[in-house]
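Structure first, then comments.
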Amino acid sequence: MAKGSSYGSKSTEPSSTVSSINNIPRRATRFLREEPTEESVAATRVPQGQVGAASNKTTAPVTQEFATQYKEQPTRITGAKRTTNMMKTVTSSDGFSTQSETRTKATKFLNTPVVTRELQRQQRAEDSTRLIQTSHPLDRHRSWMKLLAVVSVGVVLGVTILVAAVMYIRGPVNPHYVSFTGGQTFPIQLGGSSDAFNLWNNSTGPIPSRTALPSNPGPYSVLGKPTITASFINEVLASYDSPTKGMGQSLYDLGVQYGIDPVYPLAFFMHESLFGTTGEARVTLSLGNERCIPDRACIDQDRGGYAQMTSWQDGFEHWYKLIRNLYIAQWGRVTVDQIIPKYAPNSDGNDEAAYISTLKHEVDTWRAGVVKP
């Protein structure tokens with residue numbers, strides 16, 4: 001049976017079946033010690049101003065010992081503020097001290113297990129409250145936040161390396177211009193260097209190829225005899241009200257001279273400016289919207305610059321020389337699929353795949369005798 005129960009422990013009080021205070025059977029309750037009455041307390045009081053040497057000898061050591069014991073009490077028992085409040089001296093209105101009785105009761109009260117456990121519980125609650133108030137709100141997330149920070153740094157580094165690699169592969173911001181030792185620059189689709197540019201730009205007809213041209217280059221090779229007539233070219237130009245209508249024979253003859261099927265420059269002309277009716281070609285008179293070159297005026301430089309041709313005839317021949325004497329003779333690019341990635345790359349704001357598909361569709365339509373694709 002548990003210690004402190006009214007059953008199972010021997011009582012040190014006189015044997016009695018009924019309590020003398022409230023007539024409750026002893027087996028039903030604990031023994032209640034008689035409380036002092038006002039008469040008994042007054043009989044034991046000593047006026048504060050008449051305390052003699054004898055009383056000092058007996059009370060001083062007890063008071064000193066008791067004060068020393070409870071001075072250390074807050075560090076031994078939790079709930080210091082409550083303990084201190086309980087230990088305040090009770091003084092009656094007639095000036096007599098009751099320290100002894102008060103301290104005796106407080107000692108018994110504080111040393112009971114129930115009070116001690118309650119004080120400890122309250123102290124733990126106060127400590128927890130202080131800990132919560134002083135700790136940072138993110139402390140409980142610190143473990144996974146460290147992992148998140150490491151992963152974030154890794155992702156940022158990875159993206160940075162990837163972007164740097166792409167920029168390195170693509171080259172300078174404007175990838176269509178390259179420098180050469182003369183202090184000038186040329187669009188890459190026009191040759192890139194002064195030697196390559198001068199070789200095709202100063203030519204008056206087809207030049208020998210640096211490499212042997214394939215005998216069977218495959219479908220959509222620009223090399224070959226005309227597959228449409230000059231009159232059909234005029235019909236197409238007139239149907240779109242082109243400023244070059246009636247010039248079909250010139251476009252046809254240049255194709256025969258440079259060995260290029262005229263159906264292809266016609267397809268380029270339509271895709272670039274709808275036969276000179278839209279865009280830069282209305283001013284530049286250029287079949288292929290060529291970039292600036294030294295021997296032609298350079299206009300609209302705020303949009304990258306375009307070469308101003310002297311006439312539509314000049315624009316036609318300039319395109320034939322560019323394709324035949326640079327793309328084919330120097331670079332070996334003979335098909336539409338090979339020419340477009342250099343002529344109109346994605347990095348210049350073009351859609352290579354769409355450009356190639358459109359040219360092939362237009363070529364097939366005109367070869368079938370249909371005027372408007």
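Ordering of the structure tokens sets the chain letters (A, B, ...), residue numbers begin anew at 1 in every chain, and ligands are numbered from 1 in the order given.
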Quick one: residues within 9 Å of A:Ile228, only C-alpha atoms, excluding same-chain residues fewer than 3 positions away - as a VMD selection string? chain A and resid 231 to 233 252 261 to 263 366 to 367 369
Now that the selection is made, can you save its residues with all heavy atoms as an mmCIF file, in the first residue's frame?
data_model
loop_
_atom_site.group_PDB
_atom_site.id
_atom_site.type_symbol
_atom_site.label_atom_id
_atom_site.label_comp_id
_atom_site.auth_asym_id
_atom_site.auth_seq_id
_atom_site.Cartn_x
_atom_site.Cartn_y
_atom_site.Cartn_z
ATOM 1 N N SER A 231 7.865 33.114 -118.217
ATOM 2 C CA SER A 231 6.499 33.612 -118.230
ATOM 3 C C SER A 231 5.738 33.205 -116.962
ATOM 4 O O SER A 231 4.903 33.981 -116.450
ATOM 5 C CB SER A 231 5.759 33.087 -119.473
ATOM 6 O OG SER A 231 5.712 31.663 -119.465
ATOM 7 N N PHE A 232 6.032 32.011 -116.462
ATOM 8 C CA PHE A 232 5.371 31.598 -115.216
ATOM 9 C C PHE A 232 5.854 32.471 -114.048
ATOM 10 O O PHE A 232 5.066 32.836 -113.174
ATOM 11 C CB PHE A 232 5.670 30.127 -114.929
ATOM 12 C CG PHE A 232 4.970 29.592 -113.717
ATOM 13 C CD1 PHE A 232 3.651 29.167 -113.760
ATOM 14 C CD2 PHE A 232 5.624 29.524 -112.488
ATOM 15 C CE1 PHE A 232 2.995 28.692 -112.642
ATOM 16 C CE2 PHE A 232 4.982 29.050 -111.348
ATOM 17 C CZ PHE A 232 3.658 28.629 -111.426
ATOM 18 N N ILE A 233 7.129 32.855 -114.056
ATOM 19 C CA ILE A 233 7.659 33.740 -113.012
ATOM 20 C C ILE A 233 6.928 35.078 -113.064
ATOM 21 O O ILE A 233 6.530 35.631 -112.030
ATOM 22 C CB ILE A 233 9.177 33.930 -113.168
ATOM 23 C CG1 ILE A 233 9.914 32.604 -112.987
ATOM 24 C CG2 ILE A 233 9.689 34.972 -112.175
ATOM 25 C CD1 ILE A 233 11.407 32.680 -113.268
ATOM 26 N N TYR A 252 15.139 34.592 -114.636
ATOM 27 C CA TYR A 252 15.350 33.298 -115.294
ATOM 28 C C TYR A 252 16.755 33.227 -115.895
ATOM 29 O O TYR A 252 17.459 32.228 -115.755
ATOM 30 C CB TYR A 252 14.283 33.119 -116.378
ATOM 31 C CG TYR A 252 14.339 31.820 -117.110
ATOM 32 C CD1 TYR A 252 13.635 30.710 -116.663
ATOM 33 C CD2 TYR A 252 15.102 31.709 -118.295
ATOM 34 C CE1 TYR A 252 13.682 29.511 -117.358
ATOM 35 C CE2 TYR A 252 15.161 30.514 -118.988
ATOM 36 C CZ TYR A 252 14.452 29.414 -118.510
ATOM 37 O OH TYR A 252 14.516 28.209 -119.205
ATOM 38 N N ASP A 261 18.532 26.743 -110.310
ATOM 39 C CA ASP A 261 17.129 26.705 -110.721
ATOM 40 C C ASP A 261 16.432 27.973 -110.219
ATOM 41 O O ASP A 261 16.402 28.231 -109.005
ATOM 42 C CB ASP A 261 16.475 25.455 -110.136
ATOM 43 C CG ASP A 261 15.068 25.218 -110.645
ATOM 44 O OD1 ASP A 261 14.508 26.131 -111.294
ATOM 45 O OD2 ASP A 261 14.514 24.138 -110.382
ATOM 46 N N PRO A 262 15.844 28.808 -111.095
ATOM 47 C CA PRO A 262 15.222 30.072 -110.673
ATOM 48 C C PRO A 262 14.006 29.898 -109.760
ATOM 49 O O PRO A 262 13.552 30.895 -109.167
ATOM 50 C CB PRO A 262 14.828 30.733 -111.995
ATOM 51 C CG PRO A 262 14.781 29.646 -112.990
ATOM 52 C CD PRO A 262 15.783 28.633 -112.567
ATOM 53 N N VAL A 263 13.495 28.694 -109.628
ATOM 54 C CA VAL A 263 12.388 28.493 -108.709
ATOM 55 C C VAL A 263 12.811 28.768 -107.271
ATOM 56 O O VAL A 263 11.986 29.178 -106.425
ATOM 57 C CB VAL A 263 11.803 27.061 -108.859
ATOM 58 C CG1 VAL A 263 12.748 26.022 -108.268
ATOM 59 C CG2 VAL A 263 10.419 26.959 -108.223
ATOM 60 N N TRP A 366 4.860 25.540 -107.224
ATOM 61 C CA TRP A 366 5.125 26.154 -108.532
ATOM 62 C C TRP A 366 5.530 25.121 -109.572
ATOM 63 O O TRP A 366 5.203 25.249 -110.764
ATOM 64 C CB TRP A 366 6.199 27.221 -108.377
ATOM 65 C CG TRP A 366 5.702 28.406 -107.595
ATOM 66 C CD1 TRP A 366 4.431 28.896 -107.594
ATOM 67 C CD2 TRP A 366 6.455 29.250 -106.736
ATOM 68 N NE1 TRP A 366 4.341 29.994 -106.790
ATOM 69 C CE2 TRP A 366 5.574 30.254 -106.222
ATOM 70 C CE3 TRP A 366 7.770 29.290 -106.310
ATOM 71 C CZ2 TRP A 366 5.985 31.245 -105.358
ATOM 72 C CZ3 TRP A 366 8.201 30.284 -105.450
ATOM 73 C CH2 TRP A 366 7.307 31.251 -104.953
ATOM 74 N N ARG A 367 6.278 24.111 -109.140
ATOM 75 C CA ARG A 367 6.642 23.054 -110.095
ATOM 76 C C ARG A 367 5.401 22.297 -110.579
ATOM 77 O O ARG A 367 5.402 21.704 -111.667
ATOM 78 C CB ARG A 367 7.637 22.097 -109.457
ATOM 79 C CG ARG A 367 9.060 22.638 -109.402
ATOM 80 C CD ARG A 367 9.990 21.715 -108.666
ATOM 81 N NE ARG A 367 11.381 22.182 -108.760
ATOM 82 C CZ ARG A 367 12.401 21.639 -108.098
ATOM 83 N NH1 ARG A 367 12.188 20.597 -107.297
ATOM 84 N NH2 ARG A 367 13.619 22.114 -108.245
ATOM 85 N N GLY A 369 2.701 23.807 -111.267
ATOM 86 C CA GLY A 369 1.967 24.731 -112.132
ATOM 87 C C GLY A 369 0.973 25.599 -111.402
ATOM 88 O O GLY A 369 0.169 26.314 -112.065
#
Quick one: distance from atom CA of A:Ile340 to atom CA of A:Phe268 in Å, one decimal?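 According to the coordinates, atom CA of A:Ile340 and atom CA of A:Phe268 are separated by 10.3 Å.
Each of A:Ile207, A:Ala297, A:Leu223, A:Leu199 was compared to A:Ala329 using only C-alpha atoms, and A:Ile207 turns out to be the nearest.
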Backbone DSSP call of helix (DSSP H, G or I) for stretch 123-343 of chain A, listed as a ChimeraX atom specification: /A:123-134,139-170,188-190,194-201,230-239,248-258,263-273,281-284,301-303,312-328,336-343
A:Val283, A:Val166, A:Val336, A:Ala368 ranked by distance to A:Glu352, top pick (using only C-alpha atoms): A:Val336
